[in-house]
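What follows is a single structure, written as structure tokens, with notes after it.
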Amino acid sequence: MNATPKIEHKFSACPHDCPSVCALEVEVIEGRTIGRIHGAKDQSYTDGVVCAKVARYAERIHHKDRLLYPLKRIGPKGSGAFARVSWEEALETIAQKFLEAERDFGPESIWPYYYGGTMGRVMRTGINRLAHAKKYSRFHSTICINMAWTGFLAGTGRMAGSDPREMAKADCVVIWGTNAVATQVNVMTHALRARKERGAKIVVIDIYNNVTMQQADMPLCLRPGTDGALACAAMHVLFRDGLADRDYLDRYTDYPRELEEHLAAKTPEWAAEITGLSVEEIEAFAHLIGETKKTFFRLGYGFARQRNGAANMHAALSIAAVTGAWQYEGGGAFHNNGAIFHFKQTLIDGLDVCDTKVRALDQSRIGPILTGDAEALKQGAPVKAMLIQSTNPMAVAPEQSKVRAGFMREDLFTVVHEQFMTETAALADIVLPATMFLEHDDLYLGGGHQYLELGPKLIDPPGECRSNHEVVCAIAQRVGASHPGFEMSARELLEATLKESGWPALAQLESSHWIDAQPDFATSHYLDGFAWPDRKFRFKPDWPHVPFDRSHGLHGPWQEMPALPDHWDVLETADARFPFRLATSPARNFLNSSFNETPSSRSLEGVPKVLIHPEDAAELAICDGDKVILANERGEVRLFAALDAGLRRGVLVSEGLMPNASFEDGQGINTLTGADPVAPFGGAAFHDTHVAVRKV
């Protein structure tokens with residue numbers, strides 16, 4: 001008989017771009033492969049729960065289609081013709097091409113490009129060290145957080161809020177702009193505990209009847225980009241009906257009387273016309289949160305992916321200040337805990353050799369940049385060479401037609417360091433095989449919670465896969481980049497960074513697996529004042545000086561941003577030509593473009609679909625399952641109609657980032673989204689797209 005395989009349970013942390021950053025227990029089989037992954041029961045936020053796609057991670061890490069060896073393109077771009085080469089040949093080719101571009105067009109013609117394929121502190125942003133040391137074009141990160149963080153910071157002055165575990169102690173949990181069941185399951189763990197143990201009410205505010213809204217006691221389905229109108233009408237009712245905490249407002253906020261006067265005209269009737277909600281729904285919502293002191297506002301990223309996203313986030317956040325919910329355990333608001341970790345990445349990112357005079361190119365505008373838009377290039381040199389890690393811009397970035405045209409340029413030399421042959425890797429000149437998170441050491445910070453978590457190497461990588469850090473250091477050596485970080489291992493970088501940041505040594509983390517960094521109650525709830533000189537919550541933001549990353553300047557129509565919470569109608573206009581509003585919302589079984597290569601996730605998500613209201617479909621003679629074309633001035637995509645009465649008329653939702661090849665013409669959904677920069681600090685408005693629909 002065969003001996004039972006030896007299975008060890010080891011700790012790690014999920015590396016993916018999800019606020020949950022789950023603490024994990026991993027089955028390691030015979031020290032070589034992994035089995036099932038479980039949520040760590042001893043970490044109080046994860047609390048033993050992990051999403052299904054990560055639970056079956058063995059499907060991904062041991063996938064037959066993983067890239068295992070360096071490849072060099074031998075046919076036309078896009079032909080898929082590659083030949084295996086040695087690491088030495090690949091690295092020498094990269095160095096030669098980078099040095100040629102630097103010689104002929106200057107160092108800014110090289111653009112290292114990355115994002116959130118891993119959220120590890122070393123593996124994600126160490127690529128910046130190469131850019132800074134060589135004076136390559138810097139990377140302006142804009143795809144995800146800019147509008148959401150700016151809106152939250154505009155009120156509090158600090159990116160932190162109530163302990164997210166307090167959702168379990170709330171009497172009302174408002175889940176606003178996040179499909180938590182699909183994208184951060186641990187939010188639901190704590191919210192459902194509050195309902196079970198305390199009889200708490202769960203309010204879900206979103207733009208369609210998704211799986212989270214189906215869990216709600218009070219589901220509120222809005223038109224996209226109208227969250228600010230709902231927030232203002234709710235605050236109008238709070239003031240009107242004596243539910244505003246005037247003592248709290250006087251002690252903790254900047255212009256409460258001016259806000260009240262401003263909101264006098266923002267009636268439920270006014271908001272109903274904008275949002276599509278009924279007056280009764282708005283009144284009921286306002287009274288629930290006004291009469292329930294321990295209301296916890298869990299504010300997500302989804303509703304901020306609009307051209308008015310920063311203003312919407314600030315308006316929603318302002319409600320907790322009007323009710324005084326911040327005073328209570330189980331009350332207040334939370335979006336992200338970025339400020340509590342005080343993590344100093346000077347060594348990892350090479351910040352000590354960063355020259356801010358070197359141009360920073362906007363991640364979201366990669367299409368215009370690669371197709372030679374002078375403004376996007378900041379009147380500088382064309383991009384002639386790229387190193388891409390931890391992202392798949394050929395699927396993720398907006399204005400896909402321009403992105404594709406840029407990558408198809410014969411004069412653009414592209415290196416993609418990847419785990420699979422993604423759409424971006426398929427257009428590269430050199431493809432390098434990358435490790436996955438269980439195959440290297442790294443450290444993770446819980447954006448959606450309060451833990452620093454260690455993710456140690458648990459198994460060896462297959463084939464000739466190398467980590468992001470190893471590749472960056474190898475290229476640096478060959479192009480003449482100098483910095484102490486290039487001479488250090490990932491563990492040495494972590495050790496030095498933990499020490500510089502004031503955290504315990506790596507050995508202690510290896511023993512404890514994670515560190516709870518949550519500040520005390522008074523700090524978390526701003527009971528000693530908000531993070532502004534006057535210690536007041538700001539209803540009246542100074543938008544150009546919000547303490548977000550202002551080093552890249554102001555973007556979009558920032559001068560027009562509302563002085564007080566309001567509905568800012570700066571959305572992409574639905575008109576006679578393009579009468580529908582499209583949102584590209586997350587799918588349950590994908591995470592951006594990650595997991596769309598695994599069989600179970602692909603099977604569960606099926607074919608590319610667009611949700612359309614039955615009455616809209618009837619007017620267009622569209623039946624459930626029909627093939628339809630979505631089109632606007634940026635291009636068109638073909639996918640299948642799914643009739644759904646759980647969204648407003650005139651609204652369309654396409655879930656997930658299906659591979660481009662899943663679409664009939666190879667044109668993915670981001671063909672339709674715009675790359676114009678969003679106020680005040682840039683960003684991509686993925687849920688703010690006008691389109692026309694027609695049956696094929």
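In the structure tokens, chains take letters A, B, ... by order of appearance, with residues numbered from 1 within each chain and ligands from 1 in the order shown.
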
Using only C-alpha atoms, determine which residues lie at most 6 Å from stretch 685-694 of chain A, disregarding the query and same-chain residues fewer than 4 positions distant; provide the list as a PDB file with C-alpha atoms, in the first residue's frame.
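Everything below was put into part33.pdb:
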```pdb
ATOM      1  CA  ARG A 305     -14.823  54.427  -9.576  1.00  0.00           C
ATOM      2  CA  GLN A 306     -16.671  57.359 -11.117  1.00  0.00           C
ATOM      3  CA  ARG A 307     -15.562  60.738 -12.343  1.00  0.00           C
ATOM      4  CA  ALA A 574     -25.583  59.119 -21.393  1.00  0.00           C
ATOM      5  CA  PHE A 578     -24.959  56.273 -26.118  1.00  0.00           C
ATOM      6  CA  PRO A 579     -28.025  55.982 -23.855  1.00  0.00           C
ATOM      7  CA  PHE A 580     -26.813  53.359 -21.353  1.00  0.00           C
ATOM      8  CA  ARG A 581     -24.475  53.620 -18.341  1.00  0.00           C
ATOM      9  CA  LEU A 582     -22.049  50.666 -18.059  1.00  0.00           C
ATOM     10  CA  ALA A 583     -20.240  49.513 -14.920  1.00  0.00           C
ATOM     11  CA  THR A 584     -17.529  46.848 -15.085  1.00  0.00           C
ATOM     12  CA  VAL A 628     -25.213  41.791 -28.237  1.00  0.00           C
ATOM     13  CA  ILE A 629     -22.763  44.531 -29.124  1.00  0.00           C
ATOM     14  CA  LEU A 630     -21.839  47.276 -26.656  1.00  0.00           C
ATOM     15  CA  ALA A 631     -20.288  50.257 -28.401  1.00  0.00           C
ATOM     16  CA  ASN A 632     -19.093  53.794 -27.859  1.00  0.00           C
ATOM     17  CA  THR A 673     -13.689  52.473 -20.599  1.00  0.00           C
TER      18      THR A 673
END
```

*Write down as an NGL selection string the residues belonging to stretch 553-694 of chain A that are assigned strand (DSSP E) by DSSP computed on the backbone.*
:A and (580-583 or 609-612 or 627-632 or 635-643 or 651-653 or 689-694)

Hey, can you spit out that residue selection with N, CA, C and O atoms as a compact mmCIF listing (two decimals), in the first residue's frame?
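Saved result, selection29.txt, follows:
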```txt
# COMPACT_ATOMS: atom_id res chain seq x y z
N PHE A 580 -26.95 54.21 -22.54
CA PHE A 580 -26.81 53.36 -21.35
C PHE A 580 -25.56 53.71 -20.57
O PHE A 580 -24.56 54.17 -21.11
N ARG A 581 -25.63 53.46 -19.24
CA ARG A 581 -24.47 53.62 -18.34
C ARG A 581 -23.95 52.24 -17.99
O ARG A 581 -24.68 51.40 -17.46
N LEU A 582 -22.67 51.97 -18.28
CA LEU A 582 -22.05 50.67 -18.06
C LEU A 582 -21.10 50.71 -16.88
O LEU A 582 -20.26 51.61 -16.79
N ALA A 583 -21.22 49.73 -15.99
CA ALA A 583 -20.24 49.51 -14.92
C ALA A 583 -19.59 48.16 -15.12
O ALA A 583 -20.26 47.17 -15.43
N LYS A 609 -20.78 38.25 -20.19
CA LYS A 609 -22.20 38.62 -20.16
C LYS A 609 -22.35 40.09 -19.77
O LYS A 609 -21.46 40.67 -19.14
N VAL A 610 -23.48 40.65 -20.12
CA VAL A 610 -23.85 41.97 -19.65
C VAL A 610 -25.27 41.89 -19.09
O VAL A 610 -26.17 41.35 -19.73
N LEU A 611 -25.44 42.39 -17.89
CA LEU A 611 -26.76 42.42 -17.27
C LEU A 611 -27.53 43.61 -17.81
O LEU A 611 -27.01 44.73 -17.86
N ILE A 612 -28.78 43.37 -18.20
CA ILE A 612 -29.62 44.42 -18.76
C ILE A 612 -31.04 44.25 -18.22
O ILE A 612 -31.52 43.12 -18.04
N LYS A 627 -26.72 37.32 -28.27
CA LYS A 627 -25.45 38.01 -28.45
C LYS A 627 -25.73 39.48 -28.76
O LYS A 627 -26.57 39.80 -29.60
N VAL A 628 -25.01 40.37 -28.04
CA VAL A 628 -25.21 41.79 -28.24
C VAL A 628 -23.87 42.48 -28.43
O VAL A 628 -22.82 41.94 -28.09
N ILE A 629 -23.95 43.68 -28.98
CA ILE A 629 -22.76 44.53 -29.12
C ILE A 629 -22.93 45.75 -28.23
O ILE A 629 -23.97 46.41 -28.26
N LEU A 630 -21.93 46.02 -27.40
CA LEU A 630 -21.84 47.28 -26.66
C LEU A 630 -20.82 48.14 -27.39
O LEU A 630 -19.73 47.68 -27.73
N ALA A 631 -21.17 49.40 -27.61
CA ALA A 631 -20.29 50.26 -28.40
C ALA A 631 -20.31 51.68 -27.89
O ALA A 631 -21.31 52.16 -27.36
N ASN A 632 -19.18 52.35 -28.04
CA ASN A 632 -19.09 53.79 -27.86
C ASN A 632 -17.98 54.32 -28.74
O ASN A 632 -17.49 53.59 -29.62
N GLY A 635 -14.74 52.04 -29.08
CA GLY A 635 -14.72 50.73 -29.71
C GLY A 635 -15.99 49.97 -29.42
O GLY A 635 -17.00 50.53 -28.98
N GLU A 636 -15.94 48.66 -29.65
CA GLU A 636 -17.11 47.83 -29.38
C GLU A 636 -16.68 46.45 -28.93
O GLU A 636 -15.58 45.99 -29.24
N VAL A 637 -17.55 45.82 -28.15
CA VAL A 637 -17.32 44.45 -27.69
C VAL A 637 -18.58 43.64 -27.92
O VAL A 637 -19.70 44.17 -27.94
N ARG A 638 -18.39 42.34 -28.08
CA ARG A 638 -19.50 41.41 -28.27
C ARG A 638 -19.57 40.47 -27.09
O ARG A 638 -18.55 39.87 -26.70
N LEU A 639 -20.74 40.33 -26.53
CA LEU A 639 -20.94 39.46 -25.37
C LEU A 639 -22.41 39.06 -25.32
O LEU A 639 -23.16 39.32 -26.28
N PHE A 640 -22.84 38.41 -24.25
CA PHE A 640 -24.17 37.84 -24.20
C PHE A 640 -25.05 38.56 -23.18
O PHE A 640 -24.58 38.90 -22.09
N ALA A 641 -26.30 38.78 -23.54
CA ALA A 641 -27.24 39.49 -22.66
C ALA A 641 -27.75 38.54 -21.58
O ALA A 641 -28.08 37.39 -21.84
N ALA A 642 -27.82 39.06 -20.36
CA ALA A 642 -28.43 38.34 -19.23
C ALA A 642 -29.47 39.28 -18.63
O ALA A 642 -29.11 40.32 -18.07
N LEU A 643 -30.72 38.94 -18.78
CA LEU A 643 -31.79 39.81 -18.28
C LEU A 643 -31.85 39.77 -16.76
O LEU A 643 -31.79 38.69 -16.16
N VAL A 651 -29.14 51.13 -17.02
CA VAL A 651 -27.86 50.73 -16.44
C VAL A 651 -27.50 49.33 -16.92
O VAL A 651 -28.35 48.44 -16.99
N LEU A 652 -26.25 49.14 -17.25
CA LEU A 652 -25.72 47.83 -17.63
C LEU A 652 -24.57 47.48 -16.70
O LEU A 652 -23.82 48.36 -16.27
N VAL A 653 -24.43 46.19 -16.40
CA VAL A 653 -23.31 45.73 -15.57
C VAL A 653 -22.68 44.53 -16.26
O VAL A 653 -23.37 43.57 -16.62
N THR A 689 -19.15 54.72 -17.76
CA THR A 689 -18.94 54.58 -19.19
C THR A 689 -20.27 54.60 -19.92
O THR A 689 -21.18 53.85 -19.55
N HIS A 690 -20.41 55.45 -20.90
CA HIS A 690 -21.64 55.43 -21.69
C HIS A 690 -21.49 54.51 -22.89
O HIS A 690 -20.42 54.42 -23.50
N VAL A 691 -22.56 53.82 -23.24
CA VAL A 691 -22.53 52.87 -24.36
C VAL A 691 -23.89 52.81 -25.03
O VAL A 691 -24.92 53.18 -24.44
N ALA A 692 -23.89 52.31 -26.24
CA ALA A 692 -25.11 51.89 -26.93
C ALA A 692 -25.14 50.37 -26.95
O ALA A 692 -24.10 49.71 -26.84
N VAL A 693 -26.35 49.80 -27.07
CA VAL A 693 -26.52 48.35 -27.12
C VAL A 693 -27.33 48.00 -28.36
O VAL A 693 -28.34 48.65 -28.66
N ARG A 694 -26.88 46.98 -29.04
CA ARG A 694 -27.70 46.47 -30.13
C ARG A 694 -27.53 44.95 -30.24
O ARG A 694 -26.48 44.40 -29.91
```

*Report the distance between atom CA of A:Arg588 and atom CA of A:Gly682 in Å, rounded to one decimal place.*
27.1 Å

*Considering only C-alpha atoms, return as a PyMOL selection string whatever protein or nucleic-acid residues lie within 7 Å of A:Asp566, sequence-local ones (same chain, fewer than 3 positions apart) excluded.*
chain A and resi 228-229+232+315+562

Please, which residues in stretch 334-441 of chain A fall within 12 Å of stretch 299-302 of chain A when counting only C-alpha atoms, and what is the closest atom pair and distance in Å to one decimal for each, ordered by chain then residue number, as CSV?
```
residue,atom,partner,partner_atom,distance
A:Phe334,CA,A:Leu299,CA,6.1
A:His335,CA,A:Leu299,CA,5.1
A:Asn336,CA,A:Leu299,CA,8.8
```
